[in-house]
$ cat my_file_33.pdb   # PDB, C-alpha atoms, pLDDT in the B column
MODEL        1
ATOM      1  CA  MET A1450     -36.421 -21.292  18.901  1.00 62.00           C
ATOM      2  CA  LYS A1451     -33.279 -23.116  17.758  1.00 61.00           C
ATOM      3  CA  LEU A1452     -33.613 -21.653  14.273  1.00 56.00           C
ATOM      4  CA  THR A1453     -33.962 -18.141  15.670  1.00 62.00           C
ATOM      5  CA  THR A1454     -30.863 -18.625  17.813  1.00 60.00           C
ATOM      6  CA  LEU A1455     -28.948 -19.917  14.804  1.00 49.00           C
ATOM      7  CA  TYR A1456     -29.987 -16.884  12.735  1.00 51.00           C
ATOM      8  CA  LEU A1457     -28.972 -14.561  15.551  1.00 50.00           C
ATOM      9  CA  VAL A1458     -25.537 -16.187  15.849  1.00 51.00           C
ATOM     10  CA  LEU A1459     -25.010 -15.999  12.064  1.00 52.00           C
ATOM     11  CA  PHE A1460     -26.146 -12.376  12.021  1.00 54.00           C
ATOM     12  CA  LEU A1461     -23.746 -11.424  14.812  1.00 51.00           C
ATOM     13  CA  PHE A1462     -20.931 -13.310  13.086  1.00 54.00           C
ATOM     14  CA  CYS A1463     -21.560 -11.417   9.833  1.00 52.00           C
ATOM     15  CA  ILE A1464     -21.630  -8.074  11.635  1.00 54.00           C
ATOM     16  CA  ASN A1465     -18.319  -8.911  13.322  1.00 53.00           C
ATOM     17  CA  CYS A1466     -16.735  -9.877   9.962  1.00 53.00           C
ATOM     18  CA  VAL A1467     -17.845  -6.634   8.323  1.00 54.00           C
ATOM     19  CA  SER A1468     -16.711  -4.663  11.330  1.00 74.00           C
ATOM     20  CA  GLN A1469     -13.267  -6.340  11.327  1.00 78.00           C
ATOM     21  CA  ASP A1470     -12.867  -5.786   7.588  1.00 81.00           C
ATOM     22  CA  GLN A1471     -13.688  -2.098   8.066  1.00 86.00           C
ATOM     23  CA  LYS A1472     -11.173  -1.850  10.917  1.00 89.00           C
ATOM     24  CA  ASP A1473      -8.526  -3.490   8.707  1.00 90.00           C
ATOM     25  CA  LYS A1474      -9.195  -1.007   5.912  1.00 91.00           C
ATOM     26  CA  GLU A1475      -8.984   1.916   8.312  1.00 92.00           C
ATOM     27  CA  GLN A1476      -5.633   0.620   9.627  1.00 94.00           C
ATOM     28  CA  ILE A1477      -4.299   0.304   6.071  1.00 94.00           C
ATOM     29  CA  LYS A1478      -5.479   3.825   5.198  1.00 94.00           C
ATOM     30  CA  GLU A1479      -3.802   5.183   8.321  1.00 95.00           C
ATOM     31  CA  THR A1480      -0.561   3.391   7.415  1.00 96.00           C
ATOM     32  CA  VAL A1481      -0.696   4.715   3.840  1.00 95.00           C
ATOM     33  CA  PHE A1482      -1.289   8.229   5.146  1.00 94.00           C
ATOM     34  CA  LYS A1483       1.744   7.954   7.454  1.00 96.00           C
ATOM     35  CA  TYR A1484       3.782   6.493   4.595  1.00 96.00           C
ATOM     36  CA  TRP A1485       3.144   9.441   2.276  1.00 95.00           C
ATOM     37  CA  LYS A1486       3.734  11.887   5.145  1.00 95.00           C
ATOM     38  CA  SER A1487       7.142  10.253   5.723  1.00 97.00           C
ATOM     39  CA  VAL A1488       7.909  10.521   2.009  1.00 96.00           C
ATOM     40  CA  GLN A1489       6.858  14.156   1.866  1.00 95.00           C
ATOM     41  CA  ASP A1490       8.974  14.978   4.944  1.00 96.00           C
ATOM     42  CA  ASN A1491      11.904  12.861   3.675  1.00 97.00           C
ATOM     43  CA  ASN A1492      11.977  11.176   7.090  1.00 97.00           C
ATOM     44  CA  LEU A1493      13.894   7.901   6.756  1.00 96.00           C
ATOM     45  CA  GLN A1494      13.349   6.854  10.374  1.00 97.00           C
ATOM     46  CA  SER A1495       9.583   7.272  10.087  1.00 97.00           C
ATOM     47  CA  TYR A1496       9.605   5.654   6.628  1.00 96.00           C
ATOM     48  CA  ASN A1497      11.504   2.615   7.912  1.00 96.00           C
ATOM     49  CA  SER A1498       9.151   2.280  10.881  1.00 96.00           C
ATOM     50  CA  LEU A1499       6.347   1.601   8.399  1.00 97.00           C
ATOM     51  CA  ILE A1500       8.198  -1.105   6.438  1.00 96.00           C
ATOM     52  CA  TYR A1501       8.154  -4.651   7.783  1.00 95.00           C
ATOM     53  CA  ASP A1502      11.685  -5.946   8.426  1.00 93.00           C
ATOM     54  CA  SER A1503      13.193  -2.687   7.061  1.00 93.00           C
ATOM     55  CA  GLU A1504      16.433  -3.156   9.006  1.00 94.00           C
ATOM     56  CA  ASN A1505      17.347  -5.924   6.570  1.00 94.00           C
ATOM     57  CA  TYR A1506      16.909  -3.632   3.540  1.00 93.00           C
ATOM     58  CA  PRO A1507      18.544  -0.289   4.422  1.00 93.00           C
ATOM     59  CA  GLY A1508      19.711   0.448   0.882  1.00 93.00           C
ATOM     60  CA  VAL A1509      16.348  -0.367  -0.653  1.00 94.00           C
ATOM     61  CA  THR A1510      14.342   1.782   1.721  1.00 95.00           C
ATOM     62  CA  ALA A1511      16.761   4.726   1.559  1.00 96.00           C
ATOM     63  CA  SER A1512      16.899   4.744  -2.248  1.00 94.00           C
ATOM     64  CA  GLU A1513      13.151   4.393  -2.663  1.00 95.00           C
ATOM     65  CA  LEU A1514      12.487   7.167  -0.150  1.00 96.00           C
ATOM     66  CA  PHE A1515      14.969   9.387  -2.011  1.00 95.00           C
ATOM     67  CA  PHE A1516      13.241   8.744  -5.344  1.00 94.00           C
ATOM     68  CA  LEU A1517       9.724   9.207  -3.969  1.00 95.00           C
ATOM     69  CA  ASN A1518      10.626  12.379  -2.079  1.00 96.00           C
ATOM     70  CA  LYS A1519      12.367  13.832  -5.134  1.00 93.00           C
ATOM     71  CA  HIS A1520       9.267  13.216  -7.283  1.00 91.00           C
ATOM     72  CA  TYR A1521       6.581  13.614  -4.621  1.00 92.00           C
ATOM     73  CA  ASN A1522       5.087  16.825  -6.021  1.00 90.00           C
ATOM     74  CA  GLU A1523       4.952  15.462  -9.567  1.00 87.00           C
ATOM     75  CA  ILE A1524       3.477  12.122  -8.478  1.00 86.00           C
ATOM     76  CA  ASN A1525       0.976  13.707  -6.085  1.00 87.00           C
ATOM     77  CA  SER A1526      -0.172  16.211  -8.716  1.00 84.00           C
ATOM     78  CA  LYS A1527      -1.133  13.348 -11.040  1.00 77.00           C
ATOM     79  CA  LYS A1528      -2.699  11.144  -8.364  1.00 76.00           C
ATOM     80  CA  ASP A1529      -3.860  12.708  -5.153  1.00 80.00           C
ATOM     81  CA  LEU A1530      -2.071  10.088  -3.091  1.00 83.00           C
ATOM     82  CA  LEU A1531      -4.165  10.520   0.032  1.00 80.00           C
ATOM     83  CA  LYS A1532      -7.537  10.624  -1.722  1.00 82.00           C
ATOM     84  CA  ASN A1533      -6.874   7.690  -4.043  1.00 75.00           C
ATOM     85  CA  ILE A1534      -6.413   4.988  -1.432  1.00 87.00           C
ATOM     86  CA  LYS A1535      -8.130   1.998  -3.007  1.00 90.00           C
ATOM     87  CA  ILE A1536      -7.525  -1.207  -1.092  1.00 91.00           C
ATOM     88  CA  LYS A1537      -7.602  -4.393  -3.116  1.00 90.00           C
ATOM     89  CA  ASP A1538      -7.364  -8.058  -2.190  1.00 87.00           C
ATOM     90  CA  THR A1539      -4.892 -10.487  -3.637  1.00 82.00           C
ATOM     91  CA  THR A1540      -3.832 -14.053  -3.024  1.00 68.00           C
ATOM     92  CA  ASP A1541      -0.544 -15.770  -3.582  1.00 64.00           C
ATOM     93  CA  ILE A1542      -0.615 -17.826  -6.786  1.00 68.00           C
ATOM     94  CA  PHE A1543       1.496 -20.571  -5.268  1.00 71.00           C
ATOM     95  CA  ILE A1544      -0.127 -20.565  -1.832  1.00 71.00           C
ATOM     96  CA  PRO A1545      -3.818 -19.606  -2.226  1.00 71.00           C
ATOM     97  CA  SER A1546      -4.377 -19.594   1.528  1.00 73.00           C
ATOM     98  CA  VAL A1547      -2.109 -16.522   1.829  1.00 75.00           C
ATOM     99  CA  LYS A1548      -4.357 -13.509   1.479  1.00 83.00           C
ATOM    100  CA  MET A1549      -2.942 -10.027   1.261  1.00 88.00           C
ATOM    101  CA  LYS A1550      -4.224  -6.535   0.647  1.00 92.00           C
ATOM    102  CA  TYR A1551      -2.560  -3.833  -1.390  1.00 93.00           C
ATOM    103  CA  VAL A1552      -2.791  -0.214  -2.468  1.00 94.00           C
ATOM    104  CA  GLN A1553      -1.381   0.539  -5.892  1.00 93.00           C
ATOM    105  CA  TYR A1554      -0.722   3.747  -7.775  1.00 91.00           C
ATOM    106  CA  ILE A1555       0.081   3.858 -11.493  1.00 89.00           C
ATOM    107  CA  ILE A1556       1.587   7.130 -12.701  1.00 86.00           C
ATOM    108  CA  VAL A1557       1.953   7.729 -16.408  1.00 81.00           C
ATOM    109  CA  LYS A1558       5.014   9.699 -17.441  1.00 73.00           C
ATOM    110  CA  GLU A1559       3.942  12.762 -19.388  1.00 73.00           C
ATOM    111  CA  ASN A1560       6.040  14.603 -21.955  1.00 70.00           C
ATOM    112  CA  ASP A1561       7.059  11.306 -23.523  1.00 66.00           C
ATOM    113  CA  PRO A1562       5.829  11.621 -27.124  1.00 62.00           C
ATOM    114  CA  ASP A1563       7.516   8.384 -28.195  1.00 62.00           C
ATOM    115  CA  ASN A1564       5.991   6.550 -25.217  1.00 61.00           C
ATOM    116  CA  LEU A1565       9.400   5.127 -24.271  1.00 64.00           C
ATOM    117  CA  LYS A1566       8.938   5.458 -20.530  1.00 70.00           C
ATOM    118  CA  LYS A1567       6.955   2.806 -18.737  1.00 79.00           C
ATOM    119  CA  ASP A1568       4.375   3.763 -16.155  1.00 84.00           C
ATOM    120  CA  LEU A1569       5.686   4.198 -12.632  1.00 89.00           C
ATOM    121  CA  ILE A1570       3.990   1.650 -10.383  1.00 91.00           C
ATOM    122  CA  ILE A1571       3.946   2.016  -6.612  1.00 93.00           C
ATOM    123  CA  THR A1572       2.545  -0.987  -4.738  1.00 94.00           C
ATOM    124  CA  LEU A1573       2.107  -1.091  -0.985  1.00 96.00           C
ATOM    125  CA  MET A1574       1.431  -4.667   0.158  1.00 94.00           C
ATOM    126  CA  PHE A1575      -0.114  -5.554   3.523  1.00 94.00           C
ATOM    127  CA  TYR A1576      -0.045  -8.967   5.186  1.00 92.00           C
ATOM    128  CA  LYS A1577      -2.294  -9.142   8.245  1.00 90.00           C
ATOM    129  CA  PRO A1578      -0.184 -11.631  10.291  1.00 90.00           C
ATOM    130  CA  ASN A1579       2.683  -9.082  10.181  1.00 89.00           C
ATOM    131  CA  GLY A1580       0.376  -6.219  11.099  1.00 90.00           C
ATOM    132  CA  LEU A1581      -1.540  -3.859   8.859  1.00 93.00           C
ATOM    133  CA  ASN A1582       0.490  -1.001  10.319  1.00 95.00           C
ATOM    134  CA  LYS A1583       3.501  -2.253   8.312  1.00 95.00           C
ATOM    135  CA  ILE A1584       4.061  -2.407   4.568  1.00 96.00           C
ATOM    136  CA  TYR A1585       5.063  -5.959   3.788  1.00 94.00           C
ATOM    137  CA  ASN A1586       7.378  -5.366   0.828  1.00 91.00           C
ATOM    138  CA  PRO A1587      10.394  -3.057   1.185  1.00 92.00           C
ATOM    139  CA  GLY A1588      10.598  -2.513  -2.586  1.00 92.00           C
ATOM    140  CA  VAL A1589       7.450  -0.634  -3.521  1.00 93.00           C
ATOM    141  CA  LEU A1590       8.631   0.836  -6.841  1.00 93.00           C
ATOM    142  CA  GLU A1591       8.440  -0.682 -10.300  1.00 90.00           C
ATOM    143  CA  ASN A1592       9.733   0.911 -13.523  1.00 82.00           C
ATOM    144  CA  HIS A1593      11.340   3.808 -11.657  1.00 81.00           C
ATOM    145  CA  ILE A1594      14.837   3.514 -13.126  1.00 79.00           C
ATOM    146  CA  GLY A1595      15.056   6.082 -15.878  1.00 71.00           C
ATOM    147  CA  TRP A1596      11.528   7.331 -15.186  1.00 70.00           C
ATOM    148  CA  ASP A1597      12.742  10.725 -14.038  1.00 65.00           C
ATOM    149  CA  LYS A1598      14.750  11.577 -17.142  1.00 58.00           C
TER
ENDMDL
END

$ encode --input "my_file_33.pdb" --output "structure tokens"
Amino acid sequence: MKLTTLYLVLFLFCINCVSQDQKDKEQIKETVFKYWKSVQDNNLQSYNSLIYDSENYPGVTASELFFLNKHYNEINSKKDLLKNIKIKDTTDIFIPSVKMKYVQYIIVKENDPDNLKKDLIITLMFYKPNGLNKIYNPGVLENHIGWDK
């Protein structure tokens, strides 16, 4: 009887963990969808509402939105941004107890025969204690300077 009860409790615990993980992933996907909609619409207010602590980084968020909106069609044609939402786990190297999730897009610059342009990397980080409805890092772009030339 005690063993059966223990198995039942463990089973329910596992179901709850899987269910919570699925809910977290759905929240991240919803946030990513809203993020790309804000980029496509060039809506800074909506964009900033999705970035954690965005009021402290007005220049960063405005410039990144400008770049992403300007290149949205090109980026989206290479990676269907809303169909390629792959959520990955990461941990902080210095503080292993800090677990985060992220969605990353890598866009190769075409028409660069000398391969001088680095890949454009867009990384959306999520930190559960701050809410999965907010992107944790205001600077999501890497290698974007000079990418559009």

$ resolve_selection --input "my_file_33.pdb" --expression "the PyMOL selection byres ((chain A and resi 1552) around 9)" --output "VMD selection string"
chain A and resid 1477 1481 1534 to 1537 1550 to 1551 1553 to 1554 1571 to 1575

$ resolve_selection --input "my_file_33.pdb" --expression "the PyMOL selection byres ((chain A and resi 1496-1507) around 8)" --output "ChimeraX atom specification"
/A:1480,1483-1484,1487-1488,1492-1495,1508-1511,1514,1579,1582-1587

$ atom_distance --input "my_file_33.pdb" --atom1 "atom CA of Ile1570 of chain A" --atom2 "atom CA of Leu1531 of chain A"
15.9 Å

$ atom_distance --input "my_file_33.pdb" --atom1 "atom CA of Ser1546 of chain A" --atom2 "atom CA of Lys1472 of chain A"
21.2 Å

$ resolve_selection --input "my_file_33.pdb" --expression "the PyMOL selection byres ((chain A and resi 1525) around 12)" --output "ChimeraX atom specification"
/A:1485-1486,1488-1489,1517-1524,1526-1533,1554-1557

$ atom_distance --input "my_file_33.pdb" --atom1 "atom CA of Lys1558 of chain A" --atom2 "atom CA of Glu1591 of chain A"
13.1 Å

$ closest_residue --input "my_file_33.pdb" --among "A:Gln1476, A:Asn1592, A:Gln1471, A:Asn1491" --to "Phe1515 of chain A" --atoms "only C-alpha atoms"
A:Asn1491

$ axis_aligned_box --input "my_file_33.pdb" --around "segment 1580-1598 of chain A" --padding-each-side "4 Å" --output "JSON"
{"center_x": 6.8, "center_y": 2.7, "center_z": -3.0, "size_x": 24.6, "size_y": 25.8, "size_z": 36.2}

$ closest_residue --input "my_file_33.pdb" --among "A:Ser1512, A:Lys1567, A:Ser1468, A:Asn1560" --to "Gly1588 of chain A" --atoms "all atoms listed in the file"
A:Ser1512

$ decode --input "my_file_33.pdb" --residues "segment 1483-1513 of chain A" --atoms "N, CA, C and O atoms" --output "PDB file, in the first residue's frame"
ATOM      1  N   LYS A1483       4.741  37.369 -30.505  1.00  0.00           N
ATOM      2  CA  LYS A1483       4.464  38.796 -30.297  1.00  0.00           C
ATOM      3  C   LYS A1483       5.680  39.650 -30.640  1.00  0.00           C
ATOM      4  O   LYS A1483       5.546  40.754 -31.178  1.00  0.00           O
ATOM      5  N   TYR A1484       6.858  39.142 -30.334  1.00  0.00           N
ATOM      6  CA  TYR A1484       8.098  39.862 -30.633  1.00  0.00           C
ATOM      7  C   TYR A1484       8.230  40.107 -32.137  1.00  0.00           C
ATOM      8  O   TYR A1484       8.446  41.238 -32.571  1.00  0.00           O
ATOM      9  N   TRP A1485       8.079  39.041 -32.924  1.00  0.00           N
ATOM     10  CA  TRP A1485       8.227  39.202 -34.378  1.00  0.00           C
ATOM     11  C   TRP A1485       7.085  40.027 -34.972  1.00  0.00           C
ATOM     12  O   TRP A1485       7.285  40.749 -35.952  1.00  0.00           O
ATOM     13  N   LYS A1486       5.915  39.971 -34.380  1.00  0.00           N
ATOM     14  CA  LYS A1486       4.801  40.821 -34.830  1.00  0.00           C
ATOM     15  C   LYS A1486       5.134  42.290 -34.574  1.00  0.00           C
ATOM     16  O   LYS A1486       4.905  43.143 -35.437  1.00  0.00           O
ATOM     17  N   SER A1487       5.736  42.584 -33.415  1.00  0.00           N
ATOM     18  CA  SER A1487       6.153  43.958 -33.111  1.00  0.00           C
ATOM     19  C   SER A1487       7.227  44.435 -34.075  1.00  0.00           C
ATOM     20  O   SER A1487       7.222  45.590 -34.499  1.00  0.00           O
ATOM     21  N   VAL A1488       8.146  43.546 -34.416  1.00  0.00           N
ATOM     22  CA  VAL A1488       9.206  43.891 -35.375  1.00  0.00           C
ATOM     23  C   VAL A1488       8.594  44.167 -36.735  1.00  0.00           C
ATOM     24  O   VAL A1488       8.898  45.180 -37.376  1.00  0.00           O
ATOM     25  N   GLN A1489       7.737  43.280 -37.184  1.00  0.00           N
ATOM     26  CA  GLN A1489       7.111  43.442 -38.497  1.00  0.00           C
ATOM     27  C   GLN A1489       6.307  44.745 -38.576  1.00  0.00           C
ATOM     28  O   GLN A1489       6.348  45.449 -39.587  1.00  0.00           O
ATOM     29  N   ASP A1490       5.619  45.090 -37.499  1.00  0.00           N
ATOM     30  CA  ASP A1490       4.801  46.309 -37.462  1.00  0.00           C
ATOM     31  C   ASP A1490       5.604  47.558 -37.119  1.00  0.00           C
ATOM     32  O   ASP A1490       5.050  48.656 -37.102  1.00  0.00           O
ATOM     33  N   ASN A1491       6.880  47.380 -36.777  1.00  0.00           N
ATOM     34  CA  ASN A1491       7.756  48.487 -36.365  1.00  0.00           C
ATOM     35  C   ASN A1491       7.128  49.253 -35.192  1.00  0.00           C
ATOM     36  O   ASN A1491       7.109  50.478 -35.155  1.00  0.00           O
ATOM     37  N   ASN A1492       6.641  48.497 -34.209  1.00  0.00           N
ATOM     38  CA  ASN A1492       5.924  49.061 -33.076  1.00  0.00           C
ATOM     39  C   ASN A1492       6.849  49.059 -31.850  1.00  0.00           C
ATOM     40  O   ASN A1492       6.974  48.044 -31.158  1.00  0.00           O
ATOM     41  N   LEU A1493       7.484  50.188 -31.597  1.00  0.00           N
ATOM     42  CA  LEU A1493       8.454  50.290 -30.507  1.00  0.00           C
ATOM     43  C   LEU A1493       7.809  50.075 -29.140  1.00  0.00           C
ATOM     44  O   LEU A1493       8.395  49.416 -28.272  1.00  0.00           O
ATOM     45  N   GLN A1494       6.621  50.590 -28.941  1.00  0.00           N
ATOM     46  CA  GLN A1494       5.950  50.421 -27.645  1.00  0.00           C
ATOM     47  C   GLN A1494       5.682  48.937 -27.371  1.00  0.00           C
ATOM     48  O   GLN A1494       5.964  48.439 -26.279  1.00  0.00           O
ATOM     49  N   SER A1495       5.170  48.238 -28.344  1.00  0.00           N
ATOM     50  CA  SER A1495       4.906  46.809 -28.191  1.00  0.00           C
ATOM     51  C   SER A1495       6.215  46.036 -28.035  1.00  0.00           C
ATOM     52  O   SER A1495       6.317  45.121 -27.203  1.00  0.00           O
ATOM     53  N   TYR A1496       7.217  46.408 -28.819  1.00  0.00           N
ATOM     54  CA  TYR A1496       8.540  45.778 -28.750  1.00  0.00           C
ATOM     55  C   TYR A1496       9.119  45.928 -27.343  1.00  0.00           C
ATOM     56  O   TYR A1496       9.559  44.955 -26.735  1.00  0.00           O
ATOM     57  N   ASN A1497       9.095  47.140 -26.823  1.00  0.00           N
ATOM     58  CA  ASN A1497       9.644  47.398 -25.487  1.00  0.00           C
ATOM     59  C   ASN A1497       8.864  46.666 -24.394  1.00  0.00           C
ATOM     60  O   ASN A1497       9.440  46.282 -23.376  1.00  0.00           O
ATOM     61  N   SER A1498       7.578  46.463 -24.607  1.00  0.00           N
ATOM     62  CA  SER A1498       6.779  45.762 -23.595  1.00  0.00           C
ATOM     63  C   SER A1498       7.187  44.299 -23.462  1.00  0.00           C
ATOM     64  O   SER A1498       6.871  43.649 -22.465  1.00  0.00           O
ATOM     65  N   LEU A1499       7.904  43.795 -24.445  1.00  0.00           N
ATOM     66  CA  LEU A1499       8.342  42.393 -24.427  1.00  0.00           C
ATOM     67  C   LEU A1499       9.769  42.222 -23.930  1.00  0.00           C
ATOM     68  O   LEU A1499      10.241  41.097 -23.780  1.00  0.00           O
ATOM     69  N   ILE A1500      10.469  43.327 -23.677  1.00  0.00           N
ATOM     70  CA  ILE A1500      11.860  43.282 -23.232  1.00  0.00           C
ATOM     71  C   ILE A1500      11.899  43.614 -21.745  1.00  0.00           C
ATOM     72  O   ILE A1500      11.412  44.664 -21.321  1.00  0.00           O
ATOM     73  N   TYR A1501      12.507  42.747 -20.976  1.00  0.00           N
ATOM     74  CA  TYR A1501      12.637  42.968 -19.534  1.00  0.00           C
ATOM     75  C   TYR A1501      13.514  44.191 -19.276  1.00  0.00           C
ATOM     76  O   TYR A1501      14.595  44.315 -19.844  1.00  0.00           O
ATOM     77  N   ASP A1502      13.034  45.107 -18.467  1.00  0.00           N
ATOM     78  CA  ASP A1502      13.793  46.293 -18.061  1.00  0.00           C
ATOM     79  C   ASP A1502      14.153  47.199 -19.250  1.00  0.00           C
ATOM     80  O   ASP A1502      15.190  47.861 -19.259  1.00  0.00           O
ATOM     81  N   SER A1503      13.292  47.221 -20.275  1.00  0.00           N
ATOM     82  CA  SER A1503      13.593  47.960 -21.516  1.00  0.00           C
ATOM     83  C   SER A1503      13.745  49.460 -21.292  1.00  0.00           C
ATOM     84  O   SER A1503      14.453  50.130 -22.049  1.00  0.00           O
ATOM     85  N   GLU A1504      13.101  49.992 -20.255  1.00  0.00           N
ATOM     86  CA  GLU A1504      13.187  51.437 -20.017  1.00  0.00           C
ATOM     87  C   GLU A1504      14.611  51.882 -19.708  1.00  0.00           C
ATOM     88  O   GLU A1504      14.945  53.059 -19.864  1.00  0.00           O
ATOM     89  N   ASN A1505      15.454  50.964 -19.310  1.00  0.00           N
ATOM     90  CA  ASN A1505      16.857  51.308 -19.042  1.00  0.00           C
ATOM     91  C   ASN A1505      17.744  51.208 -20.280  1.00  0.00           C
ATOM     92  O   ASN A1505      18.929  51.521 -20.209  1.00  0.00           O
ATOM     93  N   TYR A1506      17.180  50.760 -21.404  1.00  0.00           N
ATOM     94  CA  TYR A1506      17.958  50.571 -22.629  1.00  0.00           C
ATOM     95  C   TYR A1506      17.224  51.131 -23.849  1.00  0.00           C
ATOM     96  O   TYR A1506      17.081  50.448 -24.859  1.00  0.00           O
ATOM     97  N   PRO A1507      16.762  52.376 -23.807  1.00  0.00           N
ATOM     98  CA  PRO A1507      15.946  52.887 -24.913  1.00  0.00           C
ATOM     99  C   PRO A1507      16.686  52.939 -26.242  1.00  0.00           C
ATOM    100  O   PRO A1507      16.099  52.671 -27.290  1.00  0.00           O
ATOM    101  N   GLY A1508      17.962  53.262 -26.217  1.00  0.00           N
ATOM    102  CA  GLY A1508      18.724  53.320 -27.468  1.00  0.00           C
ATOM    103  C   GLY A1508      18.956  51.945 -28.066  1.00  0.00           C
ATOM    104  O   GLY A1508      18.886  51.757 -29.286  1.00  0.00           O
ATOM    105  N   VAL A1509      19.210  50.982 -27.207  1.00  0.00           N
ATOM    106  CA  VAL A1509      19.444  49.609 -27.671  1.00  0.00           C
ATOM    107  C   VAL A1509      18.184  49.055 -28.320  1.00  0.00           C
ATOM    108  O   VAL A1509      18.226  48.530 -29.441  1.00  0.00           O
ATOM    109  N   THR A1510      17.067  49.165 -27.633  1.00  0.00           N
ATOM    110  CA  THR A1510      15.845  48.575 -28.176  1.00  0.00           C
ATOM    111  C   THR A1510      15.397  49.287 -29.459  1.00  0.00           C
ATOM    112  O   THR A1510      14.984  48.629 -30.407  1.00  0.00           O
ATOM    113  N   ALA A1511      15.515  50.593 -29.495  1.00  0.00           N
ATOM    114  CA  ALA A1511      15.101  51.340 -30.694  1.00  0.00           C
ATOM    115  C   ALA A1511      15.983  50.990 -31.887  1.00  0.00           C
ATOM    116  O   ALA A1511      15.484  50.776 -33.001  1.00  0.00           O
ATOM    117  N   SER A1512      17.292  50.901 -31.685  1.00  0.00           N
ATOM    118  CA  SER A1512      18.185  50.608 -32.807  1.00  0.00           C
ATOM    119  C   SER A1512      18.026  49.170 -33.290  1.00  0.00           C
ATOM    120  O   SER A1512      18.078  48.900 -34.493  1.00  0.00           O
ATOM    121  N   GLU A1513      17.823  48.250 -32.365  1.00  0.00           N
ATOM    122  CA  GLU A1513      17.653  46.858 -32.784  1.00  0.00           C
ATOM    123  C   GLU A1513      16.322  46.656 -33.497  1.00  0.00           C
ATOM    124  O   GLU A1513      16.243  45.927 -34.474  1.00  0.00           O
TER     125      GLU A1513
END
